[in-house]
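Colleague: Contents of protein.pdb (PDB, C-alpha atoms):
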MODEL        1
ATOM      1  CA  MET A 174     297.140  53.809 183.103  1.00  0.00           C
ATOM      2  CA  PHE A 175     300.373  55.042 181.532  1.00  0.00           C
ATOM      3  CA  LYS A 176     300.305  58.152 183.698  1.00  0.00           C
ATOM      4  CA  ILE A 177     299.789  56.014 186.812  1.00  0.00           C
ATOM      5  CA  ILE A 178     302.793  53.866 185.916  1.00  0.00           C
ATOM      6  CA  ILE A 179     304.940  56.935 185.263  1.00  0.00           C
ATOM      7  CA  GLY A 180     303.812  58.455 188.556  1.00  0.00           C
ATOM      8  CA  ALA A 181     304.624  55.278 190.460  1.00  0.00           C
ATOM      9  CA  LEU A 182     308.076  55.132 188.893  1.00  0.00           C
ATOM     10  CA  ALA A 183     308.667  58.758 189.785  1.00  0.00           C
ATOM     11  CA  VAL A 184     307.718  58.125 193.434  1.00  0.00           C
ATOM     12  CA  LEU A 185     310.046  55.106 193.516  1.00  0.00           C
ATOM     13  CA  LEU A 186     312.825  57.204 192.024  1.00  0.00           C
ATOM     14  CA  LEU A 187     312.408  60.052 194.469  1.00  0.00           C
ATOM     15  CA  THR A 188     312.249  57.810 197.539  1.00  0.00           C
ATOM     16  CA  GLY A 189     314.892  55.236 196.668  1.00  0.00           C
ATOM     17  CA  CYS A 190     317.689  57.094 194.917  1.00  0.00           C
ATOM     18  CA  SER A 191     320.059  57.961 197.708  1.00  0.00           C
ATOM     19  CA  HIS A 192     323.292  56.423 198.911  1.00  0.00           C
ATOM     20  CA  LYS A 193     324.219  56.415 202.583  1.00  0.00           C
ATOM     21  CA  LEU A 194     327.617  57.871 203.402  1.00  0.00           C
ATOM     22  CA  GLU A 195     330.470  55.386 203.045  1.00  0.00           C
ATOM     23  CA  VAL A 196     334.124  56.002 203.898  1.00  0.00           C
ATOM     24  CA  LEU A 197     335.706  53.180 201.952  1.00  0.00           C
ATOM     25  CA  ASN A 198     339.149  53.329 203.531  1.00  0.00           C
ATOM     26  CA  ILE A 199     338.258  54.208 207.131  1.00  0.00           C
ATOM     27  CA  ASN A 200     339.916  50.969 208.309  1.00  0.00           C
ATOM     28  CA  ASP A 201     343.249  52.446 207.234  1.00  0.00           C
ATOM     29  CA  TYR A 202     342.861  54.741 210.225  1.00  0.00           C
ATOM     30  CA  LYS A 203     341.599  52.215 212.740  1.00  0.00           C
ATOM     31  CA  ASN A 204     343.607  51.324 215.815  1.00  0.00           C
ATOM     32  CA  TRP A 205     343.668  47.546 216.017  1.00  0.00           C
ATOM     33  CA  GLN A 206     345.411  47.745 219.391  1.00  0.00           C
ATOM     34  CA  HIS A 207     344.470  50.108 222.187  1.00  0.00           C
ATOM     35  CA  ASN A 208     347.230  51.490 224.400  1.00  0.00           C
ATOM     36  CA  ALA A 209     346.846  53.518 227.568  1.00  0.00           C
ATOM     37  CA  LEU A 210     349.161  56.044 229.170  1.00  0.00           C
ATOM     38  CA  ASP A 211     351.731  54.534 231.498  1.00  0.00           C
ATOM     39  CA  THR A 212     350.697  56.892 234.302  1.00  0.00           C
ATOM     40  CA  LYS A 213     347.639  58.976 235.014  1.00  0.00           C
ATOM     41  CA  THR A 214     348.329  62.095 232.986  1.00  0.00           C
ATOM     42  CA  LYS A 215     346.649  65.475 232.764  1.00  0.00           C
ATOM     43  CA  ILE A 216     346.591  66.886 229.235  1.00  0.00           C
ATOM     44  CA  GLY A 217     345.425  70.309 228.167  1.00  0.00           C
ATOM     45  CA  ILE A 218     344.340  70.549 224.529  1.00  0.00           C
ATOM     46  CA  VAL A 219     344.691  73.831 222.664  1.00  0.00           C
ATOM     47  CA  SER A 220     342.921  74.164 219.325  1.00  0.00           C
ATOM     48  CA  SER A 221     344.709  76.134 216.624  1.00  0.00           C
ATOM     49  CA  THR A 222     341.721  76.038 214.282  1.00  0.00           C
ATOM     50  CA  GLN A 223     338.579  78.145 214.352  1.00  0.00           C
ATOM     51  CA  ASN A 224     336.779  75.890 211.873  1.00  0.00           C
ATOM     52  CA  LYS A 225     333.887  74.057 213.542  1.00  0.00           C
ATOM     53  CA  TYR A 226     334.623  70.786 211.744  1.00  0.00           C
ATOM     54  CA  GLY A 227     338.269  70.907 212.748  1.00  0.00           C
ATOM     55  CA  GLN A 228     337.189  71.552 216.328  1.00  0.00           C
ATOM     56  CA  GLN A 229     334.847  68.575 216.149  1.00  0.00           C
ATOM     57  CA  ILE A 230     337.736  66.317 215.153  1.00  0.00           C
ATOM     58  CA  ILE A 231     339.744  67.707 218.064  1.00  0.00           C
ATOM     59  CA  ARG A 232     336.848  66.810 220.365  1.00  0.00           C
ATOM     60  CA  GLY A 233     337.174  63.274 219.018  1.00  0.00           C
ATOM     61  CA  ILE A 234     340.865  63.333 219.909  1.00  0.00           C
ATOM     62  CA  SER A 235     339.939  64.490 223.429  1.00  0.00           C
ATOM     63  CA  SER A 236     337.526  61.579 223.810  1.00  0.00           C
ATOM     64  CA  GLY A 237     340.190  59.164 222.567  1.00  0.00           C
ATOM     65  CA  LEU A 238     342.634  60.453 225.166  1.00  0.00           C
ATOM     66  CA  ASN A 239     340.021  60.141 227.907  1.00  0.00           C
ATOM     67  CA  ASN A 240     339.654  56.495 226.951  1.00  0.00           C
ATOM     68  CA  ALA A 241     343.426  56.073 227.293  1.00  0.00           C
ATOM     69  CA  SER A 242     343.565  57.004 230.986  1.00  0.00           C
ATOM     70  CA  ALA A 243     344.205  60.710 230.418  1.00  0.00           C
ATOM     71  CA  VAL A 244     342.492  63.508 232.281  1.00  0.00           C
ATOM     72  CA  VAL A 245     341.744  65.922 229.469  1.00  0.00           C
ATOM     73  CA  PHE A 246     341.006  69.635 229.644  1.00  0.00           C
ATOM     74  CA  TYR A 247     339.528  70.906 226.386  1.00  0.00           C
ATOM     75  CA  PRO A 248     339.451  73.652 225.409  1.00  0.00           C
ATOM     76  CA  TYR A 249     342.557  74.642 227.331  1.00  0.00           C
ATOM     77  CA  HIS A 250     343.896  78.203 227.244  1.00  0.00           C
ATOM     78  CA  GLU A 251     347.187  79.689 228.333  1.00  0.00           C
ATOM     79  CA  ASN A 252     345.436  81.813 230.939  1.00  0.00           C
ATOM     80  CA  GLN A 253     344.275  78.595 232.625  1.00  0.00           C
ATOM     81  CA  VAL A 254     347.816  77.509 233.495  1.00  0.00           C
ATOM     82  CA  GLU A 255     347.653  78.955 237.007  1.00  0.00           C
ATOM     83  CA  ASP A 256     344.177  77.519 237.648  1.00  0.00           C
ATOM     84  CA  ILE A 257     344.573  74.076 236.079  1.00  0.00           C
ATOM     85  CA  ALA A 258     347.913  72.308 236.393  1.00  0.00           C
ATOM     86  CA  VAL A 259     348.534  69.869 233.552  1.00  0.00           C
ATOM     87  CA  ASP A 260     351.397  67.528 232.735  1.00  0.00           C
ATOM     88  CA  PHE A 261     351.309  68.124 228.981  1.00  0.00           C
ATOM     89  CA  ILE A 262     349.778  70.528 226.517  1.00  0.00           C
ATOM     90  CA  ALA A 263     348.790  69.345 223.039  1.00  0.00           C
ATOM     91  CA  ASN A 264     348.425  72.159 220.513  1.00  0.00           C
ATOM     92  CA  ILE A 265     346.421  70.737 217.623  1.00  0.00           C
ATOM     93  CA  ASP A 266     345.676  72.155 214.185  1.00  0.00           C
ATOM     94  CA  VAL A 267     343.424  70.532 211.578  1.00  0.00           C
ATOM     95  CA  GLU A 268     343.670  71.554 207.920  1.00  0.00           C
ATOM     96  CA  GLN A 269     340.919  70.362 205.594  1.00  0.00           C
ATOM     97  CA  GLN A 270     340.422  69.959 201.872  1.00  0.00           C
ATOM     98  CA  TYR A 271     337.340  68.536 200.129  1.00  0.00           C
ATOM     99  CA  ASP A 272     337.166  67.581 196.451  1.00  0.00           C
ATOM    100  CA  GLY A 273     334.704  66.136 193.971  1.00  0.00           C
ATOM    101  CA  SER A 274     335.580  63.754 191.159  1.00  0.00           C
ATOM    102  CA  GLY A 275     335.388  63.669 187.390  1.00  0.00           C
ATOM    103  CA  TRP A 276     333.879  60.192 187.750  1.00  0.00           C
ATOM    104  CA  ASN A 277     330.702  61.826 189.025  1.00  0.00           C
ATOM    105  CA  PHE A 278     329.883  62.938 185.506  1.00  0.00           C
ATOM    106  CA  LEU A 279     329.818  59.337 184.279  1.00  0.00           C
ATOM    107  CA  ILE A 280     328.006  58.173 187.400  1.00  0.00           C
ATOM    108  CA  ASN A 281     325.257  60.651 186.606  1.00  0.00           C
ATOM    109  CA  PHE A 282     325.354  60.337 182.808  1.00  0.00           C
ATOM    110  CA  PRO A 283     324.955  57.738 181.440  1.00  0.00           C
ATOM    111  CA  GLY A 284     325.000  56.134 184.905  1.00  0.00           C
ATOM    112  CA  PHE A 285     321.421  57.273 185.535  1.00  0.00           C
ATOM    113  CA  LEU A 286     320.318  54.544 183.121  1.00  0.00           C
ATOM    114  CA  VAL A 287     321.370  51.891 185.655  1.00  0.00           C
ATOM    115  CA  TRP A 288     320.647  53.967 188.797  1.00  0.00           C
ATOM    116  CA  ALA A 289     324.398  54.323 189.476  1.00  0.00           C
ATOM    117  CA  PRO A 290     324.062  57.315 191.853  1.00  0.00           C
ATOM    118  CA  ALA A 291     321.933  55.135 194.141  1.00  0.00           C
ATOM    119  CA  TRP A 292     324.007  51.940 194.277  1.00  0.00           C
ATOM    120  CA  ASN A 293     327.460  53.471 193.826  1.00  0.00           C
ATOM    121  CA  GLY A 294     327.056  56.983 195.200  1.00  0.00           C
ATOM    122  CA  TYR A 295     328.986  59.992 193.982  1.00  0.00           C
ATOM    123  CA  GLU A 296     332.724  60.001 194.660  1.00  0.00           C
ATOM    124  CA  TYR A 297     334.353  62.555 196.923  1.00  0.00           C
ATOM    125  CA  LYS A 298     337.735  63.012 198.584  1.00  0.00           C
ATOM    126  CA  ALA A 299     338.461  64.535 201.972  1.00  0.00           C
ATOM    127  CA  LYS A 300     342.018  65.318 203.021  1.00  0.00           C
ATOM    128  CA  PHE A 301     343.016  66.328 206.521  1.00  0.00           C
ATOM    129  CA  THR A 302     346.416  67.343 207.818  1.00  0.00           C
ATOM    130  CA  ILE A 303     346.550  67.108 211.602  1.00  0.00           C
ATOM    131  CA  ASP A 304     349.491  68.813 213.304  1.00  0.00           C
ATOM    132  CA  VAL A 305     350.230  68.137 216.963  1.00  0.00           C
ATOM    133  CA  ALA A 306     352.823  69.949 219.076  1.00  0.00           C
ATOM    134  CA  LEU A 307     353.381  68.510 222.551  1.00  0.00           C
ATOM    135  CA  THR A 308     354.921  70.513 225.382  1.00  0.00           C
ATOM    136  CA  ASP A 309     355.372  69.705 229.056  1.00  0.00           C
ATOM    137  CA  ALA A 310     354.180  71.663 232.070  1.00  0.00           C
ATOM    138  CA  ASN A 311     357.175  73.993 231.737  1.00  0.00           C
ATOM    139  CA  ASN A 312     356.285  74.719 228.107  1.00  0.00           C
ATOM    140  CA  SER A 313     359.356  72.820 226.910  1.00  0.00           C
ATOM    141  CA  ALA A 314     359.029  70.966 223.614  1.00  0.00           C
ATOM    142  CA  VAL A 315     358.318  67.252 223.949  1.00  0.00           C
ATOM    143  CA  ASP A 316     357.477  66.184 220.399  1.00  0.00           C
ATOM    144  CA  THR A 317     355.775  67.308 217.205  1.00  0.00           C
ATOM    145  CA  PHE A 318     354.210  65.236 214.465  1.00  0.00           C
ATOM    146  CA  GLN A 319     351.976  65.606 211.437  1.00  0.00           C
ATOM    147  CA  THR A 320     349.428  63.015 210.314  1.00  0.00           C
ATOM    148  CA  PRO A 321     347.796  63.082 206.863  1.00  0.00           C
ATOM    149  CA  VAL A 322     344.342  61.540 206.560  1.00  0.00           C
ATOM    150  CA  ASP A 323     343.033  60.939 203.026  1.00  0.00           C
ATOM    151  CA  LEU A 324     339.488  59.596 202.854  1.00  0.00           C
ATOM    152  CA  ASP A 325     337.693  57.984 199.902  1.00  0.00           C
ATOM    153  CA  ILE A 326     333.978  58.775 200.181  1.00  0.00           C
ATOM    154  CA  ARG A 327     330.734  57.680 198.509  1.00  0.00           C
ATOM    155  CA  HIS A 328     327.473  59.521 199.065  1.00  0.00           C
ATOM    156  CA  ALA A 329     324.385  60.646 197.200  1.00  0.00           C
ATOM    157  CA  GLU A 330     321.319  62.497 198.403  1.00  0.00           C
ATOM    158  CA  MET A 331     318.111  63.666 196.817  1.00  0.00           C
ATOM    159  CA  ASP A 332     319.291  67.185 195.962  1.00  0.00           C
ATOM    160  CA  ARG A 333     321.498  65.513 193.316  1.00  0.00           C
ATOM    161  CA  THR A 334     319.923  62.169 192.471  1.00  0.00           C
ATOM    162  CA  TRP A 335     316.661  63.818 191.427  1.00  0.00           C
ATOM    163  CA  THR A 336     318.344  64.355 188.050  1.00  0.00           C
ATOM    164  CA  GLU A 337     317.675  60.669 187.367  1.00  0.00           C
ATOM    165  CA  VAL A 338     314.287  61.856 186.106  1.00  0.00           C
ATOM    166  CA  GLY A 339     316.269  61.750 182.848  1.00  0.00           C
ATOM    167  CA  TRP A 340     314.706  58.302 182.581  1.00  0.00           C
ATOM    168  CA  PHE A 341     311.453  60.081 181.662  1.00  0.00           C
ATOM    169  CA  GLU A 342     312.912  62.363 178.985  1.00  0.00           C
ATOM    170  CA  VAL A 343     315.898  62.367 176.647  1.00  0.00           C
ATOM    171  CA  GLY A 344     318.632  62.548 179.292  1.00  0.00           C
ATOM    172  CA  ILE A 345     319.430  66.273 179.111  1.00  0.00           C
ATOM    173  CA  ILE A 346     318.840  66.772 182.836  1.00  0.00           C
ATOM    174  CA  PRO A 347     321.330  64.104 184.011  1.00  0.00           C
ATOM    175  CA  LEU A 348     323.806  65.277 181.364  1.00  0.00           C
ATOM    176  CA  ILE A 349     323.785  68.836 182.708  1.00  0.00           C
ATOM    177  CA  GLY A 350     323.612  67.573 186.293  1.00  0.00           C
ATOM    178  CA  GLY A 351     326.652  65.367 185.715  1.00  0.00           C
ATOM    179  CA  ILE A 352     328.720  68.394 184.744  1.00  0.00           C
ATOM    180  CA  ALA A 353     327.694  70.227 187.918  1.00  0.00           C
ATOM    181  CA  PHE A 354     328.182  67.201 190.165  1.00  0.00           C
ATOM    182  CA  ILE A 355     331.874  66.925 189.366  1.00  0.00           C
ATOM    183  CA  ASN A 356     332.212  69.470 192.168  1.00  0.00           C
ATOM    184  CA  TYR A 357     332.172  68.550 195.851  1.00  0.00           C
ATOM    185  CA  ASP A 358     328.826  68.592 197.658  1.00  0.00           C
ATOM    186  CA  ASP A 359     329.179  70.717 200.818  1.00  0.00           C
ATOM    187  CA  ASP A 360     326.216  68.883 202.350  1.00  0.00           C
ATOM    188  CA  VAL A 361     328.489  65.858 202.791  1.00  0.00           C
ATOM    189  CA  THR A 362     330.843  67.578 205.245  1.00  0.00           C
ATOM    190  CA  PRO A 363     328.754  67.592 208.457  1.00  0.00           C
ATOM    191  CA  ILE A 364     327.676  63.970 207.853  1.00  0.00           C
ATOM    192  CA  LEU A 365     331.278  62.960 207.209  1.00  0.00           C
ATOM    193  CA  ILE A 366     332.651  64.676 210.303  1.00  0.00           C
ATOM    194  CA  ASP A 367     330.013  63.019 212.494  1.00  0.00           C
ATOM    195  CA  GLU A 368     331.067  59.669 211.010  1.00  0.00           C
ATOM    196  CA  ILE A 369     334.817  60.081 211.471  1.00  0.00           C
ATOM    197  CA  GLU A 370     335.002  62.076 214.712  1.00  0.00           C
ATOM    198  CA  ALA A 371     335.436  58.952 216.863  1.00  0.00           C
ATOM    199  CA  PRO A 372     337.715  56.764 214.691  1.00  0.00           C
ATOM    200  CA  ILE A 373     340.015  59.563 213.505  1.00  0.00           C
ATOM    201  CA  GLY A 374     340.019  61.121 216.965  1.00  0.00           C
ATOM    202  CA  ASP A 375     341.060  57.807 218.494  1.00  0.00           C
ATOM    203  CA  TYR A 376     343.677  57.297 215.774  1.00  0.00           C
ATOM    204  CA  ILE A 377     345.396  60.588 216.601  1.00  0.00           C
ATOM    205  CA  ALA A 378     344.903  60.098 220.340  1.00  0.00           C
ATOM    206  CA  GLN A 379     346.789  56.810 220.209  1.00  0.00           C
ATOM    207  CA  GLU A 380     349.699  58.535 218.477  1.00  0.00           C
ATOM    208  CA  ILE A 381     349.758  61.153 221.236  1.00  0.00           C
ATOM    209  CA  VAL A 382     349.683  58.392 223.855  1.00  0.00           C
ATOM    210  CA  SER A 383     352.616  56.647 222.190  1.00  0.00           C
ATOM    211  CA  ARG A 384     354.695  59.834 222.087  1.00  0.00           C
ATOM    212  CA  ILE A 385     353.972  60.727 225.701  1.00  0.00           C
ATOM    213  CA  ASN A 386     354.783  57.201 226.893  1.00  0.00           C
ATOM    214  CA  VAL A 387     358.135  57.345 225.107  1.00  0.00           C
ATOM    215  CA  PHE A 388     358.854  60.693 226.746  1.00  0.00           C
ATOM    216  CA  LEU A 389     357.862  59.428 230.191  1.00  0.00           C
ATOM    217  CA  GLN A 390     360.236  56.500 229.802  1.00  0.00           C
ATOM    218  CA  ASN A 391     363.058  58.769 228.639  1.00  0.00           C
ATOM    219  CA  PRO A 392     362.224  62.409 229.484  1.00  0.00           C
ATOM    220  CA  MET A 393     364.573  64.114 227.042  1.00  0.00           C
ATOM    221  CA  THR A 394     363.455  67.047 224.979  1.00  0.00           C
ATOM    222  CA  PRO A 395     364.568  67.491 221.338  1.00  0.00           C
ATOM    223  CA  ALA A 396     366.955  70.192 222.608  1.00  0.00           C
ATOM    224  CA  ASP A 397     368.555  67.705 225.023  1.00  0.00           C
ATOM    225  CA  ILE A 398     369.061  65.177 222.243  1.00  0.00           C
ATOM    226  CA  GLN A 399     370.817  67.756 220.055  1.00  0.00           C
TER     227      GLN A 399
ENDMDL
END
Please go through the file and, once you have read it, give me the structure as structure tokens.
Modeller:
Amino acid sequence: MFKIIIGALAVLLLTGCSHKLEVLNINDYKNWQHNALDTKTKIGIVSSTQNKYGQQIIRGISSGLNNASAVVFYPYHENQVEDIAVDFIANIDVEQQYDGSGWNFLINFPGFLVWAPAWNGYEYKAKFTIDVALTDANNSAVDTFQTPVDLDIRHAEMDRTWTEVGWFEVGIIPLIGGIAFINYDDDVTPILIDEIEAPIGDYIAQEIVSRINVFLQNPMTPADIQ
């Protein structure tokens, strides 16, 4: 009977100890108002990053611009200038940094005693720096801006929470696991990018829309202002 109970607990542990991805501060990067371009505008988007996750965020920006009355060409290359006439070119770069947390040690040990990895999740940080350089059809500078995005993440999956089997021994496994889990879990990245592609893409797209609208109302380049 004791073995049956232990087996049942183990099955419960292995099937229930995960924490769905949460981005606790995603609303900090939510556009509460949606603005469109003042005129129908063709925008070519050039990616300055070769990283697939950075490119995915740029695709989100493209979608956001499409929803703001832009006609977007992405990816756009310099050799397309003669074939596809655009009003503006947005050169976008996305830098990324992912970090774990020292709190993950305590979440795993002694947190395993109260199933903390399941109800709290492990803590991670993701930092993005998104640089946008806008030029007009004549390749004259229109505007440049940089947007930092710092995300507070919770997530736990079975390849880490299995260490809660410490319940069935003296806790050595979650103790050692806790030390290892201070580091970032690379498995979080593709899930995170899928989650934030639309909201972060729209957030940056709205900033681009705002800058272009200002330029259209007063078409002076930074050089003209100086």
Colleague: Measuring between only C-alpha atoms, which one of A:Ala263, A:Val196, A:Val361, A:Val322 shows the shortest distance to Tyr247 in chain A?
Modeller: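 Once distances to Tyr247 in chain A are computed over only C-alpha atoms, the minimum belongs to A:Ala263.
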Colleague: Which residue gives the smallest distance to Asn208 in chain A among A:Gln223, A:Asn239, A:Ser313, A:Asn356, with only C-alpha atoms counted?
Modeller: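 Selected residue with least distance to Asn208 in chain A: A:Asn239.
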Colleague: Rounded to one decimal, what separation in Å do you get between CA of Tyr357 in chain A and CA of Asp304 in chain A?
Modeller: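 These atoms are spaced 24.6 Å apart.
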Colleague: Could you tell me which residues the PyMOL selection byres ((chain A and resi 222) around 8) grabs in this file, written as a PyMOL selection string?
Modeller: chain A and resi 220-221+223-224+227-228+265-267
Colleague: Pull C-alpha atoms from the residues just selected and write them as a PDB file, keeping the file's coordinate frame.
Modeller:
ATOM      1  CA  SER A 220     342.921  74.164 219.325  1.00  0.00           C
ATOM      2  CA  SER A 221     344.709  76.134 216.624  1.00  0.00           C
ATOM      3  CA  GLN A 223     338.579  78.145 214.352  1.00  0.00           C
ATOM      4  CA  ASN A 224     336.779  75.890 211.873  1.00  0.00           C
ATOM      5  CA  GLY A 227     338.269  70.907 212.748  1.00  0.00           C
ATOM      6  CA  GLN A 228     337.189  71.552 216.328  1.00  0.00           C
ATOM      7  CA  ILE A 265     346.421  70.737 217.623  1.00  0.00           C
ATOM      8  CA  ASP A 266     345.676  72.155 214.185  1.00  0.00           C
ATOM      9  CA  VAL A 267     343.424  70.532 211.578  1.00  0.00           C
TER      10      VAL A 267
END
Colleague: Could you work out how far CA of Pro363 in chain A lies from CA of Asn293 in chain A, giving the answer in Å with one decimal?
Modeller: 20.4 Å
Colleague: Suppose a student applies the PyMOL selection byres ((chain A and resi 307) around 12) to this structure; what residues should they get, written as a ChimeraX atom specification?
Modeller: /A:216-219,260-266,304-306,308-319,380-385,388,394-395
Colleague: Here is a test: counting all atoms listed in the file, which residue of A:Ile230, A:Ile280, A:Val245, A:Leu197 is nearest to Ile355 in chain A?
Modeller: A:Ile280
Colleague: Which one of A:Glu195, A:Ser236, A:Asp272, A:Gln206 sits closest to Glu370 in chain A if you count all atoms listed in the file?
Modeller: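 Nearest candidate to Glu370 in chain A out of A:Glu195, A:Ser236, A:Asp272, A:Gln206: A:Ser236.
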Colleague: Return the single residue from A:Val244, A:Ile373, A:Ile364, A:Ala299 that is closest to Leu210 in chain A, with distances computed using all atoms listed in the file.
Modeller: A:Val244
Colleague: Suppose you want the space between CA of Pro248 in chain A and CA of Lys203 in chain A; what is it in Å?
Modeller: 25.0 Å
Colleague: Take the PyMOL selection byres ((chain A and resi 378) around 6), apply it to the structure above, and return the hits as number ranges by chain.
Modeller: A: 234, 237-238, 375-377, 379-381
Colleague: Go ahead and fit an axis-aligned box to every listed atom of range 309-324 of chain A plus 6 Å each side, and pass me the centre and edge lengths in Å, one decimal, as JSON.
Modeller:
{"center_x": 349.4, "center_y": 67.2, "center_z": 217.5, "size_x": 31.9, "size_y": 27.1, "size_z": 41.2}
Colleague: Would you please work out which residue, of A:Val259, A:Val387, A:Leu194, A:Leu279, is nearest to Ala329 in chain A when using only C-alpha atoms?
Modeller: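 With only C-alpha atoms as the atom set, the closest residue is A:Leu194.
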